[in-house]
Amino acid sequence: MGNPLEITDLVYKKNQKKIITDLNLTLKPGKIVALLGENGAGKTTLMRIISGVAKNYRGTVKVASFAKEADRKAHLSFTDGLTGFANSTKINDIVKFYQILYHDFSLKQFEQLRKFMNLDSDMRLSEMSKGMKEKLVIALTFSRKTDLYLLDEPFSGIDAMARKKIIKSIILWKQEKSTILVSDHFVNEIAAVLDEVVIIKNKTVCMHKSTEAIRADNQSVEEFYESFYQREEDE
Amino acid sequence: MEFKDNIPIYLQIKQYLYRQIITGKLKPGKKIPSVRELAVQLTVNVNTVQRALQQMNFEGILYTKRGEGNFVTEDTTLLEKTKRELIDAELDKFVQSMNSLGVSDEQILKSLTEYLKEERK
Amino acid sequence: MTEFSRLFNRLFKIKTKKLHVLLFFQIIAALACAFFTYYEVINWHIRKNPQNNVGILPEWALYFVFLAFFVIFFVYFITPLQSEKFNRSQTWHLAAISDGQFYLVNVLSTFVSFIYFIVLEFVTVMILLFSSYLTDKPVVYFFRDLLKSILRNLDINVFWIILGTIVLAILSCFFLYFVISFFNFASRAILDFVPANINGAVVKVLHIVIIFGLIWFFFKIQNIFVYQVLLSVIHPTNYGLNFSSSLPFAILANAISDLILLSSNIFLINHFYEATEHK
């Protein structure tokens, strides 16, 4: 079993505009890694490429050594916005969908996560707040057993309590060998749980460093991250 | 428990556990919470807790029973020493900040005695 | 293949859920129509319509059949449009299956749910007719005569024509599905290549323009392809055969068009067409 994620020389264009250029990134097993960058830096696009949804890119993407899209999708769990469901869909029905679609989905684990997140399984999507929906998405994502978890901005627009729940669930339910890549444009709230940060700037990875190494230089992760964007403003 | 984000967290976890041991919240010879429990309780990364515990094992203040977890040492001299170090570190900080205010060592001693007298009343 | 069948089952269940509701409304609507033909309402009094000489059950069956034409036609056009929603959805595309295979599952489940709906309609008609048959004298005579005339005219040629027509209908059904997907995939793929600095409304208009361009282009090609290329290559007279009907030719032309469309759709969805995370 190779690394959970290996990207080499990735280039992605859309509408004649380069969104990602010459991106290389390797993640080791058992890490929690933040993918940081401004809004529109290409974080979501990168996750969509990794999970085989975005097409027509150059370079290679391997998830747990698998390059074929179908295999990649089997070995990663991506926080999908559940947009493929009608608003009247109940949590129960979504769970059925996940059970049918993914071999590695554990109903037992989902039930634990659901209780931890205080979600009622008879609830419909339309009745849920943004925070509840995000909690559901996280519960579904972590109910699968995969090598790589991709969490796309799980903290955007939700309250502090929901955020704490989600962070705790990451610590509680992460398997030892699996790696989590979590994107955010703001690092403060998750800094303490991170092993590494990956900063995206100018359409590529401009820094990949361990958080404890950053702190060993007496810098906070947030200062470190901001310094990359600061420099640009100064120039 | 809030951590400072510009100091390695494993060091802060160690500090936290030293205090727990010295104040008797974690008793000599008793098992400390598991790595995951500590991670959740402190909202930090499991690997970071692991690193802190490894170092404390190395220092001898904790010892591992295979398959059972980490236990606080019963070596009283080591515990005393750890307490001493912790107190020294605090005093060091105090003296340094006093010095930076322009207070001489003699004055520190005098002020401290007076202060404590006042407080006791 | 297990992924394929699991996905098929799930999609089939979702797609037929609404069809059941539709069937239910059709039955109720037919009953309502039958009721108002059979009875008259005059000054808030209900009485049997004197001009009517058939029972309410055959009336019900008749209206149901009448509505069935519209409903089936409606479903025929609506289901492929619905299935494009699944093609576009990121949620579904994340299933651990290649996109080409997902497209096949989606098309097949749409087709099967359409056939399933026709079977449901047929069964309902049969139930209604059978109950009328049991209760109504004129209906019994009508069916007896109908059966007689069918048996009188039955020969092997008719059988082949019916079979050929069914095959052609199925192929045309797929043709519609494939064409709709093709326009969807191709227009989106083209849109992704258009330079970026244009706003939302312009994109929508442009999308429509591209679709119409594609339609025009497509039928141009289709015409040339079918009438000039295919006709010269595979026309039966080339092989000294003499067919009175053009049915075999139509079937063959349709099958070839279907295959070409299907492969280009699979190519497009595997390499260019991106699912969206938005609703």
# chains A, B, ... in the order shown; residues from 1 in each chain; ligands from 1
>>> residues_around(residues="A:Val95", least_positions_apart="4", cutoff="10 Å", atoms="only C-alpha atoms", output="mmCIF file with N, CA and C atoms, in the first residue's frame")
data_model
loop_
_atom_site.group_PDB
_atom_site.id
_atom_site.type_symbol
_atom_site.label_atom_id
_atom_site.label_comp_id
_atom_site.auth_asym_id
_atom_site.auth_seq_id
_atom_site.Cartn_x
_atom_site.Cartn_y
_atom_site.Cartn_z
ATOM 1 N N LYS A 90 -35.069 12.144 3.393
ATOM 2 C CA LYS A 90 -34.768 11.964 4.814
ATOM 3 C C LYS A 90 -33.356 11.428 4.988
ATOM 4 N N ILE A 91 -32.784 11.692 6.171
ATOM 5 C CA ILE A 91 -31.443 11.190 6.472
ATOM 6 C C ILE A 91 -31.363 9.686 6.227
ATOM 7 N N GLN A 99 -25.073 3.242 1.838
ATOM 8 C CA GLN A 99 -24.864 1.824 2.104
ATOM 9 C C GLN A 99 -24.786 1.037 0.806
ATOM 10 N N ILE A 100 -25.660 1.414 -0.130
ATOM 11 C CA ILE A 100 -25.698 0.696 -1.393
ATOM 12 C C ILE A 100 -24.490 1.050 -2.249
ATOM 13 N N LEU A 101 -24.105 2.306 -2.204
ATOM 14 C CA LEU A 101 -23.054 2.776 -3.099
ATOM 15 C C LEU A 101 -21.654 2.397 -2.656
ATOM 16 N N PHE A 105 -18.995 1.376 3.722
ATOM 17 C CA PHE A 105 -19.827 2.194 4.610
ATOM 18 C C PHE A 105 -20.300 1.340 5.786
ATOM 19 N N SER A 106 -20.053 1.830 7.014
ATOM 20 C CA SER A 106 -20.477 1.072 8.187
ATOM 21 C C SER A 106 -21.663 1.765 8.852
ATOM 22 N N LEU A 107 -22.770 1.044 8.869
ATOM 23 C CA LEU A 107 -23.984 1.615 9.454
ATOM 24 C C LEU A 107 -23.803 1.837 10.954
ATOM 25 N N PHE A 110 -21.919 4.899 11.455
ATOM 26 C CA PHE A 110 -22.744 6.073 11.175
ATOM 27 C C PHE A 110 -23.674 6.373 12.338
ATOM 28 N N GLU A 111 -24.282 5.312 12.893
ATOM 29 C CA GLU A 111 -25.208 5.516 14.010
ATOM 30 C C GLU A 111 -24.501 6.187 15.195
ATOM 31 N N SER A 121 -32.634 10.827 12.633
ATOM 32 C CA SER A 121 -32.588 10.176 11.318
ATOM 33 C C SER A 121 -33.873 10.352 10.501
ATOM 34 N N LEU A 140 -21.422 11.103 7.416
ATOM 35 C CA LEU A 140 -21.457 10.178 6.280
ATOM 36 C C LEU A 140 -20.045 9.895 5.766
ATOM 37 N N SER A 143 -18.133 7.587 7.992
ATOM 38 C CA SER A 143 -18.687 6.244 8.164
ATOM 39 C C SER A 143 -18.106 5.274 7.150
#
>>> interface_residues(of="chain B", to="chain A", cutoff="8 Å", atoms="only C-alpha atoms", output="ChimeraX atom specification")
/B:3,5-9,36,39-40,43-48
>>> interface_residues(of="chain A", to="chain C", cutoff="7 Å", atoms="only C-alpha atoms", output="VMD selection string")
chain A and resid 14 to 17 53 to 56 69 to 71 73 to 74 80 to 84 100 to 101
>>> write_last_selection(atoms="N, CA and C atoms", output="CSV table (one decimal), in the first residue's frame")
chain,number,residue,atom,x,y,z
A,14,LYS,N,-9.5,25.6,-17.3
A,14,LYS,CA,-10.9,25.6,-17.6
A,14,LYS,C,-11.2,27.0,-18.2
A,15,ASN,N,-12.0,27.0,-19.2
A,15,ASN,CA,-12.3,28.2,-19.9
A,15,ASN,C,-11.0,29.0,-20.3
A,16,GLN,N,-10.0,28.2,-20.8
A,16,GLN,CA,-8.8,28.8,-21.3
A,16,GLN,C,-8.0,29.5,-20.2
A,17,LYS,N,-8.4,29.2,-18.9
A,17,LYS,CA,-7.7,29.8,-17.8
A,17,LYS,C,-7.0,28.7,-17.0
A,53,VAL,N,-13.9,13.9,-10.3
A,53,VAL,CA,-15.1,14.5,-10.8
A,53,VAL,C,-14.7,15.6,-11.8
A,54,ALA,N,-13.6,16.3,-11.6
A,54,ALA,CA,-13.1,17.3,-12.6
A,54,ALA,C,-12.3,16.5,-13.6
A,55,LYS,N,-12.5,16.9,-14.8
A,55,LYS,CA,-11.8,16.2,-15.9
A,55,LYS,C,-10.8,17.0,-16.7
A,56,ASN,N,-10.2,16.3,-17.6
A,56,ASN,CA,-9.4,16.9,-18.6
A,56,ASN,C,-8.2,17.7,-18.0
A,69,GLU,N,-9.8,6.3,-12.2
A,69,GLU,CA,-10.7,7.1,-11.5
A,69,GLU,C,-11.7,6.3,-10.6
A,70,ALA,N,-12.1,5.2,-11.2
A,70,ALA,CA,-13.1,4.3,-10.4
A,70,ALA,C,-12.4,3.8,-9.1
A,71,ASP,N,-11.1,3.4,-9.3
A,71,ASP,CA,-10.4,2.9,-8.1
A,71,ASP,C,-10.1,4.0,-7.1
A,73,LYS,N,-12.0,6.6,-6.6
A,73,LYS,CA,-13.2,6.9,-5.9
A,73,LYS,C,-13.5,5.9,-4.8
A,74,ALA,N,-13.0,4.6,-5.0
A,74,ALA,CA,-13.3,3.6,-4.0
A,74,ALA,C,-12.4,3.7,-2.8
A,80,ASP,N,-19.3,15.4,0.1
A,80,ASP,CA,-20.2,15.9,-1.0
A,80,ASP,C,-21.3,16.7,-0.3
A,81,GLY,N,-21.7,17.8,-1.0
A,81,GLY,CA,-22.8,18.6,-0.5
A,81,GLY,C,-24.2,18.0,-0.5
A,82,LEU,N,-24.3,16.8,-0.9
A,82,LEU,CA,-25.6,16.1,-1.0
A,82,LEU,C,-26.5,16.7,-1.9
A,83,THR,N,-26.0,17.4,-2.9
A,83,THR,CA,-26.9,18.1,-3.9
A,83,THR,C,-27.6,17.2,-4.8
A,84,GLY,N,-27.2,15.9,-4.8
A,84,GLY,CA,-27.9,15.0,-5.7
A,84,GLY,C,-29.2,14.5,-5.1
A,100,ILE,N,-25.7,1.4,-0.1
A,100,ILE,CA,-25.7,0.7,-1.4
A,100,ILE,C,-24.5,1.0,-2.2
A,101,LEU,N,-24.1,2.3,-2.2
A,101,LEU,CA,-23.1,2.8,-3.1
A,101,LEU,C,-21.7,2.4,-2.7
>>> atom_distance(atom1="atom CA of C:Ile211", atom2="atom CA of C:Tyr76")
20.7 Å
>>> select_by_dssp(residues="stretch 41-169 of chain A", states="strand (DSSP E or B)", output="compact mmCIF listing (two decimals) with N, CA and C atoms, in the first residue's frame")
# COMPACT_ATOMS: atom_id res chain seq x y z
N TYR A 57 -7.52 17.00 -17.10
CA TYR A 57 -6.32 17.59 -16.51
C TYR A 57 -5.11 16.83 -17.05
N ARG A 58 -3.94 17.40 -16.90
CA ARG A 58 -2.72 16.68 -17.24
C ARG A 58 -1.96 16.34 -15.96
N GLY A 59 -1.11 15.35 -16.01
CA GLY A 59 -0.39 14.91 -14.82
C GLY A 59 -1.02 13.66 -14.25
N THR A 60 -0.41 13.12 -13.18
CA THR A 60 -0.99 11.91 -12.61
C THR A 60 -1.45 12.15 -11.18
N VAL A 61 -2.55 11.51 -10.85
CA VAL A 61 -3.10 11.57 -9.51
C VAL A 61 -3.27 10.14 -9.04
N LYS A 62 -2.66 9.83 -7.91
CA LYS A 62 -2.79 8.47 -7.38
C LYS A 62 -3.33 8.53 -5.96
N VAL A 63 -4.36 7.73 -5.73
CA VAL A 63 -4.90 7.60 -4.37
C VAL A 63 -4.63 6.17 -3.93
N PHE A 66 -3.57 3.96 -6.62
CA PHE A 66 -4.45 3.74 -7.75
C PHE A 66 -4.59 5.01 -8.59
N LEU A 76 -11.25 6.77 -1.51
CA LEU A 76 -11.31 8.05 -0.83
C LEU A 76 -12.76 8.38 -0.46
N SER A 77 -12.89 9.23 0.53
CA SER A 77 -14.21 9.64 0.97
C SER A 77 -14.25 11.16 0.94
N PHE A 78 -15.12 11.70 0.11
CA PHE A 78 -15.15 13.13 -0.15
C PHE A 78 -16.43 13.73 0.44
N LYS A 90 -35.07 12.14 3.39
CA LYS A 90 -34.77 11.96 4.81
C LYS A 90 -33.36 11.43 4.99
N PHE A 105 -18.99 1.38 3.72
CA PHE A 105 -19.83 2.19 4.61
C PHE A 105 -20.30 1.34 5.79
N ARG A 124 -35.59 15.66 7.39
CA ARG A 124 -35.42 15.85 5.96
C ARG A 124 -34.36 16.92 5.71
N ARG A 144 -17.33 5.81 6.21
CA ARG A 144 -16.63 4.94 5.27
C ARG A 144 -15.22 4.70 5.79
N LEU A 148 -8.08 7.81 2.33
CA LEU A 148 -7.99 9.26 2.23
C LEU A 148 -9.37 9.89 2.43
N TYR A 149 -9.41 10.90 3.28
CA TYR A 149 -10.65 11.65 3.47
C TYR A 149 -10.43 13.07 2.98
N LEU A 150 -11.31 13.54 2.15
CA LEU A 150 -11.21 14.91 1.65
C LEU A 150 -12.35 15.72 2.23
N LEU A 151 -12.03 16.67 3.11
CA LEU A 151 -13.08 17.50 3.70
C LEU A 151 -12.98 18.89 3.09
N ASP A 152 -13.97 19.24 2.30
CA ASP A 152 -13.92 20.52 1.60
C ASP A 152 -14.62 21.60 2.41
>>> residues_around(residues="B:Ile61", least_positions_apart="6", cutoff="8 Å", atoms="only C-alpha atoms", output="CSV table (one decimal) with C-alpha atoms, in the first residue's frame")
chain,number,residue,atom,x,y,z
B,72,VAL,CA,2.7,7.6,36.2
B,73,THR,CA,6.0,6.6,37.7
B,78,LEU,CA,12.0,11.6,40.0
B,79,LEU,CA,8.6,13.1,40.9
>>> atom_distance(atom1="atom CA of C:Ile170", atom2="atom CA of C:Leu154")
23.4 Å
>>> select_by_dssp(residues="stretch 51-114 of chain A", states="helix (DSSP H, G or I)", output="number ranges by chain")
A: 69-74, 91-101, 107-114
>>> residues_around(residues="A:Met117", least_positions_apart="6", cutoff="9 Å", atoms="only C-alpha atoms", output="JSON list (two decimals) with C-alpha atoms, in the first residue's frame")
[["chain", "number", "residue", "atom", "x", "y", "z"],
["A", 132, "MET", "CA", -26.61, 20.29, 10.82],
["A", 135, "LYS", "CA", -22.45, 17.59, 10.54],
["A", 136, "LEU", "CA", -24.42, 15.04, 8.52],
["A", 139, "ALA", "CA", -20.86, 11.76, 9.68],
["A", 162, "ALA", "CA", -20.98, 22.61, 15.44],
["A", 165, "LYS", "CA", -18.29, 18.77, 17.33],
["A", 166, "ILE", "CA", -16.81, 18.28, 13.90],
["A", 169, "SER", "CA", -15.31, 13.78, 15.54]]
>>> atom_distance(atom1="atom CA of C:Ser181", atom2="atom CA of C:Phe102")
12.9 Å
>>> residues_around(residues="A:Ala34", least_positions_apart="6", cutoff="8 Å", atoms="only C-alpha atoms", output="MDAnalysis selection string")
chainID A and resid 181:184 187 194 196:198
>>> residues_around(residues="C:Val65", least_positions_apart="3", cutoff="9 Å", atoms="only C-alpha atoms", output="number ranges by chain")
C: 30, 60-62, 68-69, 121-122, 125
>>> write_last_selection(atoms="N, CA and C atoms", output="compact mmCIF listing (two decimals), in the first residue's frame")
# COMPACT_ATOMS: atom_id res chain seq x y z
N ALA C 30 -59.03 9.13 -14.72
CA ALA C 30 -59.87 8.36 -15.64
C ALA C 30 -61.21 8.05 -14.98
N TRP C 60 -64.49 3.73 -17.68
CA TRP C 60 -63.26 3.98 -16.92
C TRP C 60 -62.04 3.48 -17.72
N ALA C 61 -62.15 2.23 -18.19
CA ALA C 61 -61.06 1.64 -18.98
C ALA C 61 -60.76 2.49 -20.21
N LEU C 62 -61.81 2.92 -20.86
CA LEU C 62 -61.67 3.71 -22.09
C LEU C 62 -60.91 5.01 -21.83
N ALA C 68 -53.69 7.27 -21.26
CA ALA C 68 -52.40 6.57 -21.31
C ALA C 68 -51.53 7.09 -22.45
N PHE C 69 -52.17 7.39 -23.60
CA PHE C 69 -51.40 7.90 -24.73
C PHE C 69 -50.62 9.15 -24.35
N GLU C 121 -49.04 0.30 -16.98
CA GLU C 121 -50.20 0.83 -17.69
C GLU C 121 -50.99 -0.32 -18.31
N PHE C 122 -50.25 -1.23 -18.94
CA PHE C 122 -50.88 -2.36 -19.62
C PHE C 122 -51.64 -3.22 -18.62
N VAL C 125 -54.80 -1.50 -17.55
CA VAL C 125 -55.83 -1.59 -18.60
C VAL C 125 -56.45 -2.99 -18.58
>>> residues_around(residues="stretch 249-266 of chain C", least_positions_apart="5", cutoff="6 Å", atoms="only C-alpha atoms", output="PDB file with N, CA and C atoms, in the first residue's frame")
ATOM      1  N   GLY C 100     -18.186   6.346 -17.471  1.00  0.00           N
ATOM      2  CA  GLY C 100     -18.829   5.695 -18.617  1.00  0.00           C
ATOM      3  C   GLY C 100     -19.831   4.649 -18.151  1.00  0.00           C
ATOM      4  N   LEU C 168     -37.641  -1.336 -33.459  1.00  0.00           N
ATOM      5  CA  LEU C 168     -37.403   0.036 -33.912  1.00  0.00           C
ATOM      6  C   LEU C 168     -37.796   1.038 -32.825  1.00  0.00           C
ATOM      7  N   PHE C 175     -32.326   6.195 -28.909  1.00  0.00           N
ATOM      8  CA  PHE C 175     -31.829   7.299 -29.723  1.00  0.00           C
ATOM      9  C   PHE C 175     -32.144   8.635 -29.054  1.00  0.00           C
ATOM     10  N   PHE C 182     -26.128  13.589 -25.512  1.00  0.00           N
ATOM     11  CA  PHE C 182     -25.079  14.109 -26.380  1.00  0.00           C
ATOM     12  C   PHE C 182     -25.102  15.634 -26.397  1.00  0.00           C
TER      13      PHE C 182
END
